[in-house]
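> One file: data07.txt (compact mmCIF, C-alpha atoms).
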# COMPACT_ATOMS: atom_id res chain seq x y z
CA MET B 1 -84.33 92.68 -56.04
CA ALA B 2 -85.57 92.87 -52.45
CA ALA B 3 -84.72 95.90 -50.36
CA PRO B 4 -82.05 95.40 -47.59
CA GLU B 5 -84.66 96.06 -44.90
CA ALA B 6 -86.90 93.34 -46.30
CA MET B 7 -84.01 90.88 -46.42
CA ASP B 8 -83.21 91.62 -42.76
CA VAL B 9 -86.81 91.01 -41.76
CA GLN B 10 -86.97 87.77 -43.72
CA LYS B 11 -83.65 86.65 -42.21
CA LYS B 12 -84.98 87.24 -38.72
CA LEU B 13 -88.16 85.31 -39.48
CA ASP B 14 -86.07 82.34 -40.57
CA MET B 15 -83.91 82.43 -37.40
CA SER B 16 -84.59 80.23 -34.38
CA LEU B 17 -85.53 81.71 -31.02
CA ASP B 18 -82.08 80.85 -29.59
CA GLU B 19 -80.38 82.65 -32.48
CA LEU B 20 -82.52 85.74 -31.93
CA VAL B 21 -81.68 85.78 -28.20
CA LYS B 22 -77.96 85.46 -28.94
CA MET B 23 -78.12 88.28 -31.49
CA ARG B 24 -80.02 90.48 -29.02
CA LYS B 25 -77.38 89.89 -26.31
CA LYS B 26 -74.55 90.59 -28.74
CA THR B 27 -75.99 93.89 -29.95
CA SER B 28 -76.84 95.07 -26.43
CA LYS B 29 -73.56 94.08 -24.80
CA ALA B 30 -71.80 97.45 -24.93
CA PRO B 31 -74.69 99.58 -23.62
CA ARG B 32 -75.29 97.10 -20.76
CA GLU B 33 -71.65 97.22 -19.72
CA GLU B 34 -71.75 101.00 -19.74
CA LEU B 35 -74.91 100.93 -17.63
CA ASP B 36 -73.33 98.53 -15.11
CA ALA B 37 -70.24 100.69 -14.95
CA GLY B 38 -72.40 103.74 -14.29
CA LYS B 39 -74.19 101.94 -11.48
CA LYS B 40 -70.89 100.99 -9.92
CA ARG B 41 -69.64 104.55 -10.02
CA LYS B 42 -72.87 105.86 -8.60
CA GLY B 43 -72.86 103.38 -5.69
CA GLU B 44 -69.15 103.54 -4.97
CA GLU B 45 -68.31 104.21 -1.31
CA ASN B 46 -65.53 106.48 -0.11
CA SER B 47 -65.25 104.71 3.23
CA VAL B 48 -66.48 101.61 5.02
CA LEU B 49 -68.00 101.76 8.50
CA VAL B 50 -67.15 99.00 10.96
CA ALA B 51 -68.65 98.85 14.46
CA ARG B 52 -67.49 96.77 17.42
CA ARG B 53 -69.86 93.80 17.15
CA VAL B 54 -69.80 90.85 14.73
CA TYR B 55 -72.33 88.13 14.03
CA VAL B 56 -71.04 84.54 13.92
CA GLY B 57 -73.05 81.84 12.15
CA ASN B 58 -72.85 78.04 11.60
CA LEU B 59 -71.66 77.40 15.15
CA SER B 60 -71.63 73.91 16.56
CA TYR B 61 -74.50 73.40 19.00
CA ARG B 62 -71.97 72.56 21.70
CA THR B 63 -70.01 75.82 21.30
CA THR B 64 -70.30 77.96 24.45
CA TRP B 65 -69.85 81.70 24.96
CA GLN B 66 -66.44 80.94 26.52
CA ASP B 67 -65.37 78.93 23.45
CA LEU B 68 -66.44 81.86 21.29
CA LYS B 69 -64.51 84.36 23.40
CA ASP B 70 -61.36 82.22 23.48
CA TYR B 71 -61.42 81.81 19.71
CA PHE B 72 -61.97 85.48 18.86
CA LYS B 73 -59.53 86.98 21.35
CA LYS B 74 -56.80 86.06 18.85
CA VAL B 75 -57.60 89.21 16.88
CA GLY B 76 -58.39 91.71 19.64
CA ASN B 77 -59.75 92.43 23.10
CA VAL B 78 -63.17 90.75 23.42
CA ILE B 79 -65.44 92.39 25.99
CA HIS B 80 -68.61 90.32 25.51
CA THR B 81 -69.78 87.16 23.74
CA ASP B 82 -73.16 85.51 23.59
CA VAL B 83 -74.52 82.32 22.01
CA ILE B 84 -78.09 82.94 20.86
CA ARG B 85 -80.48 80.35 22.26
CA GLY B 86 -83.99 79.20 21.45
CA PRO B 87 -86.69 77.26 23.29
CA GLY B 88 -85.36 74.87 25.91
CA ASP B 89 -82.11 76.85 26.18
CA ARG B 90 -80.86 75.14 22.99
CA SER B 91 -78.24 76.92 20.90
CA LYS B 92 -79.49 78.30 17.59
CA GLY B 93 -76.04 77.83 16.06
CA CYS B 94 -75.11 81.51 16.02
CA GLY B 95 -73.76 84.17 18.33
CA ILE B 96 -72.44 87.70 18.89
CA VAL B 97 -68.89 88.82 19.64
CA GLU B 98 -68.26 92.38 20.85
CA PHE B 99 -64.76 93.86 20.71
CA GLU B 100 -63.28 96.83 22.50
CA ARG B 101 -62.38 98.53 19.22
CA PRO B 102 -64.01 98.52 15.77
CA GLU B 103 -60.77 97.74 13.96
CA ASP B 104 -60.57 94.47 15.92
CA ALA B 105 -64.06 93.58 14.70
CA ALA B 106 -62.90 94.32 11.15
CA ALA B 107 -59.87 92.06 11.66
CA ALA B 108 -62.17 89.27 12.88
CA ILE B 109 -64.28 89.49 9.72
CA LEU B 110 -61.19 89.41 7.51
CA LYS B 111 -59.22 86.73 9.37
CA LEU B 112 -61.75 84.38 10.98
CA ASN B 113 -64.49 84.14 8.38
CA GLU B 114 -64.69 80.58 7.00
CA THR B 115 -62.27 79.24 9.61
CA GLU B 116 -63.01 76.14 11.69
CA LEU B 117 -64.37 76.20 15.24
CA ASP B 118 -65.45 72.99 16.96
CA GLY B 119 -65.39 71.15 13.64
CA ARG B 120 -67.61 73.66 11.79
CA ALA B 121 -66.65 76.27 9.17
CA ILE B 122 -68.06 79.45 10.74
CA PHE B 123 -68.97 82.64 8.92
CA VAL B 124 -68.32 86.07 10.40
CA ARG B 125 -69.93 89.35 9.32
CA GLU B 126 -70.94 92.68 10.80
CA ASP B 127 -73.82 92.58 13.29
CA ARG B 128 -76.56 94.30 11.32
CA GLU B 129 -78.51 94.92 14.52
CA ASP B 130 -75.59 96.79 16.13
CA ARG B 131 -77.01 100.05 17.46
CA ASP B 132 -73.69 101.88 16.99
CA LEU B 133 -73.52 100.98 13.32
CA LYS B 134 -77.14 101.97 12.79
CA GLU B 135 -76.63 105.32 14.45
CA ALA B 136 -73.53 105.97 12.37
CA LEU B 137 -75.48 105.23 9.20
CA GLY B 138 -78.40 107.35 10.39
CA LYS B 139 -80.88 104.52 9.95
CA ARG B 140 -83.71 103.35 12.15
CA ARG B 141 -86.00 100.41 11.60
CA ASP B 142 -89.61 100.67 12.74
CA GLU B 143 -90.05 96.95 13.28
CA GLY B 144 -88.22 93.66 13.28
CA LEU B 145 -85.50 94.77 15.70
CA ASP B 146 -84.00 91.96 17.66
CA ALA B 147 -84.30 92.41 21.43
CA ARG B 148 -80.56 92.20 21.84
CA ALA B 149 -80.06 95.33 19.69
CA SER B 150 -81.65 97.53 22.36
CA LYS B 151 -79.60 96.17 25.26
CA LYS B 152 -76.50 98.12 26.18
CA SER B 153 -73.51 95.88 26.84
CA ARG B 154 -72.50 95.98 30.49
CA ASN B 155 -68.84 95.88 29.43
CA ALA B 156 -68.91 98.62 26.80
CA PRO B 157 -66.26 101.35 27.03
CA PRO B 158 -67.60 104.42 28.80
CA SER B 159 -67.11 106.85 25.94
CA GLY B 160 -65.48 107.47 22.56
CA GLU B 161 -66.00 106.53 18.92
CA GLN B 162 -67.72 103.18 18.44
CA VAL B 163 -67.43 103.12 14.64
CA ALA B 164 -64.25 103.35 12.57
CA ALA B 165 -64.21 105.06 9.18
CA ILE B 166 -61.62 103.52 6.87
CA GLY B 167 -61.13 105.16 3.48
CA ARG B 168 -59.30 103.97 0.38
CA ARG B 169 -55.94 105.56 1.25
CA LEU B 170 -53.32 104.27 3.69
CA PHE B 171 -50.24 105.81 5.27
CA VAL B 172 -47.17 103.54 5.28
CA SER B 173 -44.11 104.34 7.42
CA ASN B 174 -40.71 102.87 8.35
CA LEU B 175 -39.80 102.43 4.67
CA THR B 176 -36.18 102.20 3.61
CA TRP B 177 -34.88 105.40 2.04
CA ASP B 178 -34.49 103.73 -1.36
CA THR B 179 -37.98 102.16 -1.55
CA THR B 180 -39.69 103.23 -4.79
CA TRP B 181 -43.37 103.78 -5.53
CA GLN B 182 -43.34 100.66 -7.74
CA GLU B 183 -41.95 98.49 -4.94
CA LEU B 184 -44.59 99.89 -2.59
CA LYS B 185 -47.33 99.10 -5.12
CA ASP B 186 -46.08 95.55 -5.69
CA HIS B 187 -45.96 94.88 -1.94
CA PHE B 188 -49.59 95.95 -1.45
CA LYS B 189 -51.07 94.18 -4.50
CA PRO B 190 -51.99 91.01 -2.53
CA ALA B 191 -54.56 93.03 -0.56
CA GLY B 192 -56.41 94.36 -3.61
CA LYS B 193 -56.29 96.63 -6.64
CA VAL B 194 -53.83 99.47 -5.99
CA VAL B 195 -54.71 102.58 -8.00
CA HIS B 196 -51.96 104.90 -6.76
CA THR B 197 -48.79 104.90 -4.66
CA ASP B 198 -46.47 107.72 -3.71
CA ILE B 199 -43.27 108.11 -1.69
CA ILE B 200 -43.29 111.28 0.41
CA MET B 201 -40.17 113.31 -0.30
CA VAL B 202 -38.32 116.29 1.13
CA GLY B 203 -36.51 117.72 -1.84
CA GLU B 204 -34.89 114.69 -3.47
CA ARG B 205 -34.77 112.58 -0.31
CA SER B 206 -37.41 110.10 0.87
CA LYS B 207 -38.95 110.69 4.31
CA GLY B 208 -39.28 106.93 4.78
CA CYS B 209 -43.06 106.95 4.37
CA GLY B 210 -45.63 106.89 1.61
CA ILE B 211 -49.27 106.66 0.53
CA VAL B 212 -51.11 103.67 -0.97
CA GLU B 213 -54.58 104.12 -2.45
CA PHE B 214 -56.87 101.17 -3.22
CA GLU B 215 -59.92 100.95 -5.41
CA THR B 216 -62.21 100.19 -2.45
CA PRO B 217 -62.11 100.84 1.32
CA GLN B 218 -62.58 97.11 1.93
CA GLU B 219 -59.24 96.45 0.23
CA ALA B 220 -57.58 99.14 2.34
CA LEU B 221 -59.01 97.52 5.47
CA ARG B 222 -57.60 94.17 4.35
CA ALA B 223 -54.19 95.75 3.85
CA ILE B 224 -54.18 97.19 7.39
CA SER B 225 -55.04 93.77 8.79
CA THR B 226 -52.63 91.67 6.70
CA LEU B 227 -49.67 93.89 5.78
CA SER B 228 -48.92 95.93 8.91
CA ASN B 229 -45.62 94.77 10.43
CA THR B 230 -44.69 92.80 7.31
CA GLU B 231 -41.19 93.14 5.88
CA LEU B 232 -40.38 95.28 2.83
CA LYS B 233 -36.73 95.49 1.78
CA GLY B 234 -35.53 94.30 5.17
CA ARG B 235 -37.68 96.60 7.33
CA GLN B 236 -40.97 96.04 9.10
CA ILE B 237 -43.44 98.59 7.80
CA LEU B 238 -46.29 100.24 9.69
CA VAL B 239 -49.67 100.53 7.97
CA ARG B 240 -52.63 102.65 9.11
CA GLU B 241 -55.44 104.74 7.65
CA ASP B 242 -54.42 108.01 6.01
CA ARG B 243 -55.78 110.59 8.46
CA GLU B 244 -55.51 113.27 5.79
CA ASP B 245 -57.79 111.34 3.42
CA ARG B 246 -60.33 113.96 2.40
CA SER B 247 -63.07 111.42 1.62
CA VAL B 248 -62.93 110.05 5.18
CA ARG B 249 -62.75 113.48 6.79
CA GLU B 250 -65.86 114.49 4.84
CA THR B 251 -67.89 111.30 5.32
CA GLY B 252 -66.63 109.80 8.59
CA PRO B 253 -68.94 109.50 11.60
CA GLY B 254 -69.50 112.91 13.13
CA ASN B 255 -66.92 114.65 10.92
CA LYS B 256 -64.86 115.41 14.01
CA VAL B 257 -61.32 114.93 15.19
CA VAL B 258 -61.22 112.54 18.12
CA THR B 259 -58.93 113.37 21.04
CA GLY B 260 -58.30 111.25 24.09
CA ARG B 261 -55.92 109.66 26.56
CA GLN B 262 -54.88 106.51 24.70
CA VAL B 263 -52.04 106.19 22.17
CA VAL B 264 -51.14 103.41 19.74
CA VAL B 265 -47.46 102.46 19.68
CA HIS B 266 -46.01 100.72 16.60
CA GLY B 267 -42.52 99.36 16.07
CA LEU B 268 -42.15 97.65 19.46
CA PRO B 269 -39.58 94.87 19.94
CA PHE B 270 -41.40 91.55 19.74
CA SER B 271 -40.01 90.59 23.15
CA TYR B 272 -41.80 93.48 24.84
CA THR B 273 -44.49 92.70 27.43
CA TRP B 274 -47.29 94.96 28.64
CA GLN B 275 -45.16 95.75 31.69
CA ASP B 276 -42.21 96.81 29.51
CA LEU B 277 -44.54 99.05 27.53
CA LYS B 278 -46.02 100.57 30.66
CA ASP B 279 -42.58 101.24 32.13
CA LEU B 280 -41.39 102.80 28.87
CA PHE B 281 -44.19 105.40 28.83
CA SER B 282 -44.43 106.08 32.56
CA VAL B 283 -41.89 108.86 32.05
CA GLN B 284 -44.51 110.88 30.13
CA GLY B 285 -47.23 110.54 32.76
CA LYS B 286 -49.37 108.21 34.82
CA VAL B 287 -50.17 105.08 32.79
CA LEU B 288 -53.48 103.42 33.68
CA ARG B 289 -53.11 100.48 31.31
CA ALA B 290 -50.80 99.09 28.64
CA ASP B 291 -51.57 96.25 26.20
CA ILE B 292 -49.55 94.35 23.60
CA VAL B 293 -51.52 93.23 20.52
CA THR B 294 -50.90 89.55 19.79
CA ASP B 295 -51.74 87.14 16.96
CA ARG B 296 -53.84 84.01 17.28
CA ASN B 297 -50.82 82.12 18.64
CA GLY B 298 -50.21 84.66 21.38
CA ARG B 299 -47.13 86.18 19.74
CA SER B 300 -46.66 89.94 19.77
CA ARG B 301 -47.54 91.76 16.55
CA GLY B 302 -45.08 94.52 17.37
CA TYR B 303 -47.53 97.16 18.54
CA GLY B 304 -49.74 98.02 21.48
CA THR B 305 -51.78 100.67 23.28
CA VAL B 306 -51.07 102.88 26.29
CA LEU B 307 -53.86 104.55 28.26
CA PHE B 308 -52.84 107.65 30.25
CA ASP B 309 -54.61 109.32 33.15
CA ARG B 310 -54.63 112.67 31.34
CA SER B 311 -54.91 113.69 27.68
CA GLU B 312 -51.97 116.08 28.21
CA ASP B 313 -49.75 113.08 29.01
CA ALA B 314 -50.88 111.32 25.83
CA GLU B 315 -49.97 114.39 23.79
CA ARG B 316 -46.58 114.53 25.53
CA ALA B 317 -45.95 110.87 24.71
CA ILE B 318 -46.66 111.55 21.04
CA SER B 319 -44.39 114.58 21.04
CA GLU B 320 -41.47 112.86 22.79
CA MET B 321 -41.69 109.23 21.65
CA ASP B 322 -42.94 109.31 18.05
CA GLU B 323 -40.07 108.25 15.72
CA ALA B 324 -37.83 107.49 18.73
CA ALA B 325 -35.34 104.62 18.33
CA LEU B 326 -35.80 101.53 20.51
CA GLU B 327 -33.60 98.43 20.23
CA GLY B 328 -32.92 99.03 16.54
CA ARG B 329 -36.53 99.87 15.68
CA VAL B 330 -38.32 103.17 15.10
CA LEU B 331 -41.41 103.79 17.19
CA GLY B 332 -44.58 105.23 15.75
CA VAL B 333 -46.76 106.86 18.42
CA LYS B 334 -50.16 108.24 17.47
CA LEU B 335 -53.36 109.11 19.25
CA ASP B 336 -55.79 106.18 19.23
CA LYS B 337 -58.64 107.79 17.32
CA PHE B 338 -61.01 104.88 17.98
CA THR B 339 -61.22 105.32 21.76
Would you write the structure of this file as structure tokens?

Amino acid sequence: MAAPEAMDVQKKLDMSLDELVKMRKKTSKAPREELDAGKKRKGEENSVLVARRVYVGNLSYRTTWQDLKDYFKKVGNVIHTDVIRGPGDRSKGCGIVEFERPEDAAAAILKLNETELDGRAIFVREDREDRDLKEALGKRRDEGLDARASKKSRNAPPSGEQVAAIGRRLFVSNLTWDTTWQELKDHFKPAGKVVHTDIIMVGERSKGCGIVEFETPQEALRAISTLSNTELKGRQILVREDREDRSVRETGPGNKVVTGRQVVVHGLPFSYTWQDLKDLFSVQGKVLRADIVTDRNGRSRGYGTVLFDRSEDAERAISEMDEAALEGRVLGVKLDKFT
């Protein structure tokens, strides 16, 4: 009687090449999955960096810089656009859009990628030659830099953070008192895989706010863009990054707390104009500028920004107006950390 080892060898000799390959894949499946899982854990990011410039490809050759600006101003304040041109001043079918704030650039990537402009389905991604993004990542290339990467935009803001660090955790406010962690989780599932939710309590009573943690920072970014000002149990919720997220505080650009003169105001009545917003906050100090954030149709998204002459006035506005009631809504006033 042949030994088991000999029978196995003979069996393999009688097998076809396809059968041997299938058997090899089957026996190596578990270790390979474990290896892939290990790679994913090793390369997992705690936060995603987004600068102010995006690259737009597959443009129609007739698209101008003005067309590009008009199309992208739906998601934020555009300060510069450019259609890249080749010999004979002919469009190369791509361009650059620079926003005032990095979160607007992130919104453009999420909302306008694969949308139609001048009959073409454009693609939108981060500008990999953006000097601000490179500096934040600590990378420098010795060659192959595009000439436009070294030119400073004439319209760039004079100072402040040019890169936003968004982690995996979000802070959600204006919740109803009876909202549960399960309802919060179900509401945020469309944006990605939710790994944890929590309602912040004082004793046995909800504070009307909570925490949502996603598997990746990209999913958290999507949630900020798509779920802020949506309705949950009859109330419009406010969604922003969790500023107490340890992973962001440890890995964010510069590891510093940004202070300034501009505040973000959530919970505004949708009928409010920039002038209404300016008048509302002029009590706290001299307002240099007020803006209402609108959607692609020009409708208010229920929040805006107020720029004060002095940082002390911005701090006063936060102290006096945060959680104040206005026409049946609750205001959320925070320092704009991205300016």
> Report as JSON, numbers by chain all protein, DNA and RNA residues lying within 12 Å of range 314-323 of chain B, evaluated on all atoms listed in the file, omitting residues in the same chain fewer than 3 positions from it.
{"B": [173, 174, 207, 208, 209, 238, 259, 260, 261, 262, 263, 264, 265, 266, 267, 268, 278, 280, 281, 282, 283, 284, 285, 286, 287, 288, 305, 306, 307, 308, 309, 310, 311, 326, 328, 329, 330, 331, 332, 333, 334, 335, 336]}
> For CA of Ile224 in chain B and CA of Val78 in chain B, quote the distance in Å rounded to one decimal.
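Separation between CA of Ile224 in chain B and CA of Val78 in chain B: 19.5 Å.
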> Could you tell me how far CA of Leu227 in chain B sits from CA of Thr81 in chain B, in Å to one decimal place?
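According to the coordinates, CA of Thr81 in chain B and CA of Leu227 in chain B are separated by 27.8 Å.
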> Please report the interatomic distance between CA of Ala191 in chain B and CA of Leu170 in chain B in Å with one decimal.
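Separation of CA of Ala191 in chain B and CA of Leu170 in chain B: 12.1 Å.
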> For Tyr71 in chain B, which residue among B:Asp295, B:Glu312, B:Glu327, B:Asp178 is the nearest when counting all atoms listed in the file?
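Nearest candidate to Tyr71 in chain B out of B:Asp295, B:Glu312, B:Glu327, B:Asp178: B:Asp295.
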> In file coordinates, which residues lie within 8 Å of (-52.3, 110.4, -5.2) using only C-alpha atoms, given as number ranges by chain?
B: 196-198, 211, 213
> Let me make sure I understand: among B:Arg296, B:Arg222, B:Lys92, B:Arg205, which one has the smallest atom-to-atom distance to Ile109 in chain B if we use all atoms listed in the file?
B:Arg222
